[in-house]
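my_file_11.cif, holding mmCIF, C-alpha atoms and all ligand atoms:
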data_input
#
loop_
_atom_site.group_PDB
_atom_site.id
_atom_site.type_symbol
_atom_site.label_atom_id
_atom_site.label_comp_id
_atom_site.auth_asym_id
_atom_site.auth_seq_id
_atom_site.Cartn_x
_atom_site.Cartn_y
_atom_site.Cartn_z
ATOM 1 C CA MET A 537 0.000 0.000 0.000
ATOM 2 C CA SER A 538 1.268 3.514 -0.891
ATOM 3 C CA ALA A 539 1.202 6.505 1.490
ATOM 4 C CA GLU A 540 -1.514 8.201 -0.569
ATOM 5 C CA GLU A 541 -3.634 5.186 -0.378
ATOM 6 C CA GLY A 542 -3.499 5.215 3.341
ATOM 7 C CA LEU A 543 -4.671 8.893 3.581
ATOM 8 C CA LEU A 544 -7.661 8.930 1.176
ATOM 9 C CA PRO A 545 -11.056 7.823 2.521
ATOM 10 C CA THR A 546 -12.742 4.979 0.892
ATOM 11 C CA PRO A 547 -15.472 6.325 -1.507
ATOM 12 C CA PRO A 548 -18.967 5.214 -0.654
ATOM 13 C CA GLU A 549 -20.296 2.425 -2.674
ATOM 14 C CA VAL A 550 -22.694 3.746 -5.292
ATOM 15 C CA LYS A 551 -25.718 1.524 -5.788
ATOM 16 C CA SER A 552 -27.086 1.346 -9.215
ATOM 17 C CA PRO A 553 -30.873 2.037 -9.357
ATOM 18 C CA GLU A 554 -33.015 -0.974 -9.121
ATOM 19 C CA ILE A 555 -34.628 -1.963 -12.336
ATOM 20 C CA LYS A 556 -38.150 -3.151 -11.803
ATOM 21 C CA LYS A 557 -38.587 -6.674 -12.656
ATOM 22 C CA GLY A 558 -40.999 -8.107 -15.133
ATOM 23 C CA PRO A 559 -43.873 -9.014 -12.737
ATOM 24 C CA ASP A 560 -44.357 -5.300 -11.681
ATOM 25 C CA LEU A 561 -44.741 -4.145 -15.239
ATOM 26 C CA LYS A 562 -47.228 -6.883 -15.855
ATOM 27 C CA LYS A 563 -49.173 -5.893 -12.742
ATOM 28 C CA ARG A 564 -49.362 -2.244 -13.826
ATOM 29 C CA ALA A 565 -50.496 -3.174 -17.318
ATOM 30 C CA PHE A 566 -53.103 -5.471 -15.839
ATOM 31 C CA THR A 567 -54.391 -2.699 -13.540
ATOM 32 C CA GLU A 568 -54.648 -0.242 -16.423
ATOM 33 C CA ASP A 569 -56.469 -2.787 -18.536
ATOM 34 C CA LYS A 570 -58.823 -3.490 -15.690
ATOM 35 C CA GLU A 571 -59.593 0.215 -15.244
ATOM 36 C CA ALA A 572 -60.185 0.626 -18.955
ATOM 37 C CA SER A 573 -62.441 -2.390 -19.046
ATOM 38 C CA LEU A 574 -64.330 -1.160 -15.972
ATOM 39 C CA TYR A 575 -64.967 2.162 -17.672
ATOM 40 C CA THR A 576 -66.236 0.491 -20.822
ATOM 41 C CA ARG A 577 -68.555 -1.773 -18.862
ATOM 42 C CA ARG A 578 -69.929 1.143 -16.836
ATOM 43 C CA ASP A 579 -70.455 3.085 -20.013
ATOM 44 C CA PHE A 580 -72.238 0.121 -21.531
ATOM 45 C CA PHE A 581 -74.577 -0.270 -18.556
ATOM 46 C CA ILE A 582 -75.414 3.439 -18.526
ATOM 47 C CA LYS A 583 -76.212 3.432 -22.218
ATOM 48 C CA THR A 584 -78.299 0.279 -21.890
ATOM 49 C CA GLY A 585 -80.183 1.809 -18.987
ATOM 50 C CA TRP A 586 -80.997 4.918 -20.984
ATOM 51 C CA TYR A 587 -82.039 2.765 -23.887
ATOM 52 C CA PHE A 588 -84.575 0.820 -21.798
ATOM 53 C CA PHE A 589 -85.769 3.980 -20.131
ATOM 54 C CA GLY A 590 -86.389 5.468 -23.576
ATOM 55 C CA MET A 591 -88.268 2.342 -24.625
ATOM 56 C CA VAL A 592 -90.510 2.394 -21.549
ATOM 57 C CA LEU A 593 -91.157 6.117 -21.936
ATOM 58 C CA SER A 594 -92.025 5.725 -25.633
ATOM 59 C CA SER A 595 -94.423 2.856 -24.883
ATOM 60 C CA TRP A 596 -96.089 4.884 -22.181
ATOM 61 C CA LEU A 597 -96.471 7.895 -24.466
ATOM 62 C CA LEU A 598 -97.881 5.728 -27.260
ATOM 63 C CA GLY A 599 -100.385 4.224 -24.838
ATOM 64 C CA LEU A 600 -101.375 7.696 -23.709
ATOM 65 C CA VAL A 601 -101.939 8.868 -27.286
ATOM 66 C CA ARG A 602 -103.896 5.660 -28.066
ATOM 67 C CA TYR A 603 -106.035 6.280 -24.979
ATOM 68 C CA MET A 604 -106.910 9.752 -26.272
ATOM 69 C CA PHE A 605 -108.144 8.272 -29.563
ATOM 70 C CA PRO A 606 -110.296 5.266 -28.531
ATOM 71 C CA ARG A 607 -110.963 2.502 -31.033
ATOM 72 C CA VAL A 608 -114.561 3.385 -31.803
ATOM 73 C CA LEU A 609 -116.299 2.274 -34.942
ATOM 74 C CA PHE A 610 -118.402 5.100 -36.258
ATOM 75 C CA GLU A 611 -121.292 3.502 -38.117
ATOM 76 C CA PRO A 612 -124.048 5.357 -39.890
ATOM 77 C CA SER A 613 -127.156 5.884 -37.807
ATOM 78 C CA ASN A 614 -129.982 3.361 -38.036
ATOM 79 C CA ILE A 615 -132.451 6.217 -38.362
ATOM 80 C CA PHE A 616 -132.731 8.242 -41.524
ATOM 81 C CA LYS A 617 -135.188 10.477 -43.355
ATOM 82 C CA ALA A 618 -136.286 9.041 -46.667
ATOM 83 C CA GLY A 619 -137.881 12.088 -48.295
ATOM 84 C CA PHE A 620 -141.529 13.146 -48.595
ATOM 85 C CA PRO A 621 -144.366 10.684 -49.261
ATOM 86 C CA GLU A 622 -145.272 12.444 -52.515
ATOM 87 C CA GLU A 623 -141.942 11.343 -53.954
ATOM 88 C CA TYR A 624 -143.105 7.698 -54.029
ATOM 89 C CA PRO A 625 -145.603 6.692 -56.719
ATOM 90 C CA VAL A 626 -148.327 4.258 -55.632
ATOM 91 C CA GLY A 627 -147.499 0.657 -56.545
ATOM 92 C CA GLN A 628 -143.737 1.262 -56.692
ATOM 93 C CA VAL A 629 -141.015 -0.610 -54.809
ATOM 94 C CA SER A 630 -138.365 2.064 -54.460
ATOM 95 C CA THR A 631 -134.696 1.013 -54.643
ATOM 96 C CA ARG A 632 -133.573 4.573 -53.869
ATOM 97 C CA TRP A 633 -132.104 3.710 -50.456
ATOM 98 C CA VAL A 634 -130.760 0.207 -51.079
ATOM 99 C CA SER A 635 -127.115 1.046 -51.729
ATOM 100 C CA GLU A 636 -126.903 3.647 -48.963
ATOM 101 C CA GLN A 637 -129.227 2.240 -46.303
ATOM 102 C CA ARG A 638 -130.070 -1.292 -47.471
ATOM 103 C CA VAL A 639 -133.798 -0.619 -47.377
ATOM 104 C CA TRP A 640 -136.583 -0.812 -49.976
ATOM 105 C CA ILE A 641 -139.612 1.407 -49.499
ATOM 106 C CA SER A 642 -142.841 0.076 -50.914
ATOM 107 C CA ARG A 643 -145.816 2.335 -51.643
ATOM 108 C CA THR A 644 -149.263 0.744 -51.592
ATOM 109 C CA PRO A 645 -152.673 2.467 -52.016
ATOM 110 C CA GLU A 646 -153.029 2.363 -48.197
ATOM 111 C CA GLY A 647 -149.573 3.555 -47.186
ATOM 112 C CA PHE A 648 -145.898 2.550 -46.872
ATOM 113 C CA TYR A 649 -143.803 -0.255 -45.538
ATOM 114 C CA ALA A 650 -140.030 -0.657 -45.600
ATOM 115 C CA ILE A 651 -138.114 -3.926 -46.084
ATOM 116 C CA LEU A 652 -134.570 -4.615 -44.991
ATOM 117 C CA ALA A 653 -132.538 -5.734 -48.027
ATOM 118 C CA ARG A 654 -130.911 -8.666 -46.252
ATOM 119 C CA CYS A 655 -131.600 -12.237 -47.236
ATOM 120 C CA THR A 656 -132.814 -14.371 -44.344
ATOM 121 C CA HIS A 657 -130.689 -17.283 -45.537
ATOM 122 C CA LEU A 658 -127.102 -16.039 -45.147
ATOM 123 C CA GLY A 659 -127.475 -12.285 -45.350
ATOM 124 C CA CYS A 660 -126.783 -11.425 -49.005
ATOM 125 C CA THR A 661 -128.505 -8.444 -50.560
ATOM 126 C CA PRO A 662 -131.352 -9.553 -52.834
ATOM 127 C CA ILE A 663 -132.198 -7.724 -56.045
ATOM 128 C CA TRP A 664 -135.585 -6.230 -56.873
ATOM 129 C CA LEU A 665 -136.782 -7.481 -60.278
ATOM 130 C CA PRO A 666 -139.736 -5.259 -61.262
ATOM 131 C CA SER A 667 -140.476 -7.223 -64.433
ATOM 132 C CA GLU A 668 -140.973 -10.374 -62.342
ATOM 133 C CA ASP A 669 -142.437 -8.509 -59.382
ATOM 134 C CA LYS A 670 -140.130 -10.221 -56.892
ATOM 135 C CA PHE A 671 -136.904 -10.015 -54.940
ATOM 136 C CA LYS A 672 -134.246 -12.515 -55.960
ATOM 137 C CA CYS A 673 -131.175 -13.367 -53.930
ATOM 138 C CA PRO A 674 -128.084 -13.754 -56.149
ATOM 139 C CA CYS A 675 -126.236 -15.987 -53.667
ATOM 140 C CA HIS A 676 -128.323 -19.179 -53.486
ATOM 141 C CA GLY A 677 -131.442 -18.287 -55.423
ATOM 142 C CA SER A 678 -134.014 -17.526 -52.740
ATOM 143 C CA GLY A 679 -137.065 -15.697 -54.033
ATOM 144 C CA PHE A 680 -139.405 -13.326 -52.182
ATOM 145 C CA HIS A 681 -142.709 -11.791 -53.195
ATOM 146 C CA ARG A 682 -142.963 -8.015 -53.299
ATOM 147 C CA ASP A 683 -144.317 -7.989 -49.751
ATOM 148 C CA GLY A 684 -141.184 -9.847 -48.579
ATOM 149 C CA VAL A 685 -142.638 -13.346 -48.068
ATOM 150 C CA ASN A 686 -140.263 -16.110 -49.179
ATOM 151 C CA TYR A 687 -141.505 -18.674 -51.681
ATOM 152 C CA GLU A 688 -138.428 -20.411 -53.142
ATOM 153 C CA GLY A 689 -134.848 -21.292 -52.315
ATOM 154 C CA PRO A 690 -133.176 -21.919 -48.977
ATOM 155 C CA ALA A 691 -134.332 -18.749 -47.172
ATOM 156 C CA PRO A 692 -136.153 -20.031 -44.065
ATOM 157 C CA ARG A 693 -138.470 -17.051 -43.592
ATOM 158 C CA ALA A 694 -139.718 -13.765 -44.977
ATOM 159 C CA LEU A 695 -137.586 -10.637 -45.219
ATOM 160 C CA ASP A 696 -137.618 -8.336 -42.206
ATOM 161 C CA ARG A 697 -139.543 -5.100 -42.248
ATOM 162 C CA VAL A 698 -138.233 -2.037 -40.436
ATOM 163 C CA LYS A 699 -139.919 0.653 -38.391
ATOM 164 C CA ILE A 700 -141.472 3.416 -40.458
ATOM 165 C CA GLY A 701 -143.166 6.682 -39.481
ATOM 166 C CA LEU A 702 -143.285 10.383 -40.188
ATOM 167 C CA ALA A 703 -140.746 12.953 -38.983
ATOM 168 C CA ASP A 704 -141.758 16.388 -37.658
ATOM 169 C CA ASP A 705 -141.002 17.971 -41.006
ATOM 170 C CA GLY A 706 -143.312 15.539 -42.818
ATOM 171 C CA GLN A 707 -140.619 13.285 -44.251
ATOM 172 C CA ILE A 708 -140.737 9.506 -44.016
ATOM 173 C CA LEU A 709 -138.656 8.354 -41.068
ATOM 174 C CA ILE A 710 -137.025 4.920 -41.143
ATOM 175 C CA ASP A 711 -135.540 3.170 -38.111
ATOM 176 C CA LYS A 712 -133.512 0.075 -39.012
ATOM 177 C CA GLY A 713 -132.874 -0.575 -35.337
ATOM 178 C CA THR A 714 -136.413 -1.966 -34.991
ATOM 179 C CA LEU A 715 -137.193 -5.049 -37.079
ATOM 180 C CA PHE A 716 -140.482 -6.846 -37.550
ATOM 181 C CA GLN A 717 -140.758 -10.509 -38.498
ATOM 182 C CA TYR A 718 -143.741 -11.805 -40.441
ATOM 183 C CA GLU A 719 -143.654 -15.203 -38.708
ATOM 184 C CA LYS A 720 -143.953 -13.561 -35.287
ATOM 185 C CA GLY A 721 -146.832 -11.293 -36.278
ATOM 186 C CA GLY A 722 -144.545 -8.250 -36.368
ATOM 187 C CA TRP A 723 -145.908 -6.935 -39.658
ATOM 188 C CA ASP A 724 -149.248 -6.253 -37.972
ATOM 189 C CA LYS A 725 -147.704 -3.805 -35.510
ATOM 190 C CA PRO A 726 -148.526 -0.109 -36.110
ATOM 191 C CA GLU A 727 -144.845 0.876 -36.477
ATOM 192 C CA ALA A 728 -144.402 -1.621 -39.307
ATOM 193 C CA PHE A 729 -146.768 0.219 -41.623
ATOM 194 C CA LEU A 730 -147.304 3.914 -42.295
ATOM 195 C CA LYS A 731 -150.953 4.469 -43.147
ATOM 196 C CA MET A 732 -151.375 7.244 -45.642
ATOM 197 C CA LEU A 733 -153.841 7.593 -48.451
ATOM 198 C CA PRO A 734 -152.591 9.196 -51.655
ATOM 199 C CA ARG A 735 -153.454 12.911 -51.966
HETATM 200 S S1 LIG A 801 -127.977 -15.750 -48.857
HETATM 201 FE FE1 LIG A 801 -129.761 -15.503 -50.003
HETATM 202 S S2 LIG A 801 -130.230 -17.436 -50.677
HETATM 203 FE FE2 LIG A 801 -128.455 -17.714 -49.528
#

Write out the structure in this file as structure tokens.
Ligand code: FES
Amino acid sequence: MSAEEGLLPTPPEVKSPEIKKGPDLKKRAFTEDKEASLYTRRDFFIKTGWYFFGMVLSSWLLGLVRYMFPRVLFEPSNIFKAGFPEEYPVGQVSTRWVSEQRVWISRTPEGFYAILARCTHLGCTPIWLPSEDKFKCPCHGSGFHRDGVNYEGPAPRALDRVKIGLADDGQILIDKGTLFQYEKGGWDKPEAFLKMLPR
């Protein structure tokens, strides 16, 4: 050993910085991944929640709107005015209201009666044949006299008559809501015939 060596202090040992080993890096990467995946999952659940909330709200609003417009079938009234008696010549079966109201109005020397244009077999609309003085059903061939009584084909009974009267303004008033059956004596009821002599 030299003299100089004996005088100089021994320099402290310098430690080189520790380099983190592989497992720490892996742990940090795993933690970051986990955080990222947690965020994505949270985001997903929030979006899904809003989606279902929107669906429920939309359904509720649709139901509310549907409630404000109820499903009601607006049918034409059973009661209608059929014009003045003078418009119907004696002896005529008028087809004027068949397409619109499904009713024939028949004028006799004593007054009026109205027949519902609905076959008593299966409900088809018969046709008035003036040259043959009868109603004929095009579906299965039932035939009816001009007063509505059946005489051929499968129809089991006469055509129905409907209520007839006079309105306040003097027009003929028909009420299809009240039917009269021949077989039950309904045609003899006062509402089934409008007595009126020709002027
Ligand atoms: S529906 Fe008129 S004869 Fe059958």

The PyMOL selection byres (((chain A and resi 628-634) around 12) and not hetatm) applied to the shown file, residues as an MDAnalysis selection string: chainID A and resid 616:619 621 623:627 635:645 647:654 661:667 669:671 681:684 710

Expected file: the selected residues, C-alpha atoms, as a PDB file, in the frame of the given file:
ATOM      1  CA  PHE A 616    -132.731   8.242 -41.524  1.00  0.00           C
ATOM      2  CA  LYS A 617    -135.188  10.477 -43.355  1.00  0.00           C
ATOM      3  CA  ALA A 618    -136.286   9.041 -46.667  1.00  0.00           C
ATOM      4  CA  GLY A 619    -137.881  12.088 -48.295  1.00  0.00           C
ATOM      5  CA  PRO A 621    -144.366  10.684 -49.261  1.00  0.00           C
ATOM      6  CA  GLU A 623    -141.942  11.343 -53.954  1.00  0.00           C
ATOM      7  CA  TYR A 624    -143.105   7.698 -54.029  1.00  0.00           C
ATOM      8  CA  PRO A 625    -145.603   6.692 -56.719  1.00  0.00           C
ATOM      9  CA  VAL A 626    -148.327   4.258 -55.632  1.00  0.00           C
ATOM     10  CA  GLY A 627    -147.499   0.657 -56.545  1.00  0.00           C
ATOM     11  CA  SER A 635    -127.115   1.046 -51.729  1.00  0.00           C
ATOM     12  CA  GLU A 636    -126.903   3.647 -48.963  1.00  0.00           C
ATOM     13  CA  GLN A 637    -129.227   2.240 -46.303  1.00  0.00           C
ATOM     14  CA  ARG A 638    -130.070  -1.292 -47.471  1.00  0.00           C
ATOM     15  CA  VAL A 639    -133.798  -0.619 -47.377  1.00  0.00           C
ATOM     16  CA  TRP A 640    -136.583  -0.812 -49.976  1.00  0.00           C
ATOM     17  CA  ILE A 641    -139.612   1.407 -49.499  1.00  0.00           C
ATOM     18  CA  SER A 642    -142.841   0.076 -50.914  1.00  0.00           C
ATOM     19  CA  ARG A 643    -145.816   2.335 -51.643  1.00  0.00           C
ATOM     20  CA  THR A 644    -149.263   0.744 -51.592  1.00  0.00           C
ATOM     21  CA  PRO A 645    -152.673   2.467 -52.016  1.00  0.00           C
ATOM     22  CA  GLY A 647    -149.573   3.555 -47.186  1.00  0.00           C
ATOM     23  CA  PHE A 648    -145.898   2.550 -46.872  1.00  0.00           C
ATOM     24  CA  TYR A 649    -143.803  -0.255 -45.538  1.00  0.00           C
ATOM     25  CA  ALA A 650    -140.030  -0.657 -45.600  1.00  0.00           C
ATOM     26  CA  ILE A 651    -138.114  -3.926 -46.084  1.00  0.00           C
ATOM     27  CA  LEU A 652    -134.570  -4.615 -44.991  1.00  0.00           C
ATOM     28  CA  ALA A 653    -132.538  -5.734 -48.027  1.00  0.00           C
ATOM     29  CA  ARG A 654    -130.911  -8.666 -46.252  1.00  0.00           C
ATOM     30  CA  THR A 661    -128.505  -8.444 -50.560  1.00  0.00           C
ATOM     31  CA  PRO A 662    -131.352  -9.553 -52.834  1.00  0.00           C
ATOM     32  CA  ILE A 663    -132.198  -7.724 -56.045  1.00  0.00           C
ATOM     33  CA  TRP A 664    -135.585  -6.230 -56.873  1.00  0.00           C
ATOM     34  CA  LEU A 665    -136.782  -7.481 -60.278  1.00  0.00           C
ATOM     35  CA  PRO A 666    -139.736  -5.259 -61.262  1.00  0.00           C
ATOM     36  CA  SER A 667    -140.476  -7.223 -64.433  1.00  0.00           C
ATOM     37  CA  ASP A 669    -142.437  -8.509 -59.382  1.00  0.00           C
ATOM     38  CA  LYS A 670    -140.130 -10.221 -56.892  1.00  0.00           C
ATOM     39  CA  PHE A 671    -136.904 -10.015 -54.940  1.00  0.00           C
ATOM     40  CA  HIS A 681    -142.709 -11.791 -53.195  1.00  0.00           C
ATOM     41  CA  ARG A 682    -142.963  -8.015 -53.299  1.00  0.00           C
ATOM     42  CA  ASP A 683    -144.317  -7.989 -49.751  1.00  0.00           C
ATOM     43  CA  GLY A 684    -141.184  -9.847 -48.579  1.00  0.00           C
ATOM     44  CA  ILE A 710    -137.025   4.920 -41.143  1.00  0.00           C
TER      45      ILE A 710
END

With the PyMOL selection byres (((not hetatm)) within 7 of (chain A and resi 801)) as the selection, what would be picked from this file? Answer as a PyMOL selection string, please. chain A and resi 655-660+662+673-678+689-691

Using only C-alpha atoms, the residue out of A:Leu730, A:Gly679, A:Tyr603, A:Trp586 with shortest distance to A:Ile708 is A:Leu730

Distance in Å - atom CA of A:Val698 versus atom CA of A:Lys731:
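According to the coordinates, atom CA of A:Val698 and atom CA of A:Lys731 are separated by 14.5 Å.
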
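For the pair atom CA of A:Leu695 and atom CA of A:Glu727, the separation is 16.2 Å.
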
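Take atom CA of A:Asp724 and atom CA of A:Ile700: the distance between them is 12.7 Å.
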